[in-house]
Amino acid sequence: MDLAARLEQLDELVREAKSMPLSSSVLVNRDEILELIAEMKEGLPEEIKRARWIVRDREELLAKARQDGEQIVEQAHEEQLRMARKEEIVARATTEADRVVAEAEERARVMRTEAEDYVDGKLAQFENSIRKILEASQISTKSLNRTLDQVEVGRERLRGPATVAEAEFRPEHDLFDEEGDR
């Protein structure tokens, strides 16, 4: 299961959790939440591995493009030497060799540019995915923190004052519920 699916599952657990009476707080299974978070942490290295594979693929493509370019240039130089040996076509050979070299360098440049563009696009997609996952994670964390705060407030209200002195000095607004009734 990928990280985004786990975040969806976590979101669903919080949304479908049983509500606390008289509050907007919910009860969630701590073990389930912690297990999902652990799975997300384990899944993160997979996303990083994918990024490394993309970078390695980029490097391999660039190396192949360089090798192909060098091979083309080397072949062009060999062709140039072969043609230069024939005295009657030296001028034509030089022109042709220069054209082949320029063409090879242009092809190598185009291949290199295409490889870099491809890898850059893949890295941009990966970056966007990571940003979305991070944003979803941050939203879930904020939501969980709000829920925890609400649970604590609810528990505090249920406890009430512990002593007569606390009840005596408790502010007036605490003695009323939300509608103003005693």
# chains A, B, ... in the order shown; residues from 1 in each chain; ligands from 1
call {"tool": "closest_atom_pairs", "arguments": {"of": "range 85-167 of chain A", "to": "range 9-27 of chain A", "cutoff": "8 Å", "atoms": "only C-alpha atoms", "output": "JSON lines"}}
result
{"residue": "A:Ser140", "atom": "CA", "partner": "A:Asp11", "partner_atom": "CA", "distance": 6.7}
{"residue": "A:Leu144", "atom": "CA", "partner": "A:Val14", "partner_atom": "CA", "distance": 7.9}
{"residue": "A:Thr147", "atom": "CA", "partner": "A:Ser25", "partner_atom": "CA", "distance": 5.8}
{"residue": "A:Leu148", "atom": "CA", "partner": "A:Ser25", "partner_atom": "CA", "distance": 7.8}
{"residue": "A:Gln150", "atom": "CA", "partner": "A:Ser25", "partner_atom": "CA", "distance": 5.4}
{"residue": "A:Val151", "atom": "CA", "partner": "A:Ser25", "partner_atom": "CA", "distance": 5.4}
{"residue": "A:Gly154", "atom": "CA", "partner": "A:Ser23", "partner_atom": "CA", "distance": 6.8}
call {"tool": "select_by_dssp", "arguments": {"residues": "chain A", "states": "helix (DSSP H, G or I)", "output": "JSON, numbers by chain"}}
result
{"A": [3, 4, 5, 6, 7, 8, 9, 10, 11, 12, 13, 14, 15, 30, 31, 32, 33, 34, 35, 36, 37, 38, 39, 40, 41, 42, 43, 44, 45, 46, 47, 48, 49, 50, 51, 52, 53, 54, 55, 56, 57, 58, 59, 60, 61, 62, 63, 64, 65, 66, 67, 68, 69, 70, 71, 72, 73, 74, 75, 76, 77, 78, 79, 80, 81, 82, 83, 84, 87, 88, 89, 90, 91, 92, 93, 94, 95, 96, 97, 98, 99, 100, 101, 102, 103, 104, 105, 106, 107, 108, 109, 110, 111, 112, 113, 114, 115, 116, 117, 118, 119, 120, 121, 122, 123, 124, 125, 126, 127, 128, 129, 130, 131, 132, 133, 134, 135, 136, 137, 138, 139, 140, 141, 142, 143, 144, 145, 146, 147, 148, 149, 150, 151, 152, 153, 154, 155, 156, 157, 158, 159, 164, 165, 166, 167, 168, 169, 172, 173, 174, 175]}
call {"tool": "residues_around", "arguments": {"residues": "Met40 in chain A", "least_positions_apart": "4", "cutoff": "7 Å", "atoms": "only C-alpha atoms", "output": "list in words"}}
result
Leu3, Arg6, Leu36 and Leu44 of chain A
call {"tool": "closest_residue", "arguments": {"among": "A:Val153, A:Leu7, A:Ile139, A:Ala115", "to": "Glu60 in chain A", "atoms": "only C-alpha atoms"}}
result
A:Ala115
call {"tool": "atom_distance", "arguments": {"atom1": "CA of Ala136 in chain A", "atom2": "CA of Lys122 in chain A"}}
result
21.1 Å
call {"tool": "select_by_dssp", "arguments": {"residues": "range 7-179 of chain A", "states": "strand (DSSP E)", "output": "PyMOL selection string"}}
result
chain A and resi 18-19+26-27
call {"tool": "write_last_selection", "arguments": {"atoms": "C-alpha atoms", "output": "PDB file, in the first residue's frame"}}
result
ATOM      1  CA  LYS A  18     -17.242   7.094  17.266  1.00  0.00           C
ATOM      2  CA  SER A  19     -18.275  10.539  18.566  1.00  0.00           C
ATOM      3  CA  VAL A  26     -14.101  11.289  18.677  1.00  0.00           C
ATOM      4  CA  LEU A  27     -12.655   8.047  20.000  1.00  0.00           C
TER       5      LEU A  27
END
call {"tool": "atom_distance", "arguments": {"atom1": "CA of Leu134 in chain A", "atom2": "CA of Arg52 in chain A"}}
result
18.7 Å
call {"tool": "atom_distance", "arguments": {"atom1": "CA of Arg50 in chain A", "atom2": "CA of Lys142 in chain A"}}
result
28.1 Å
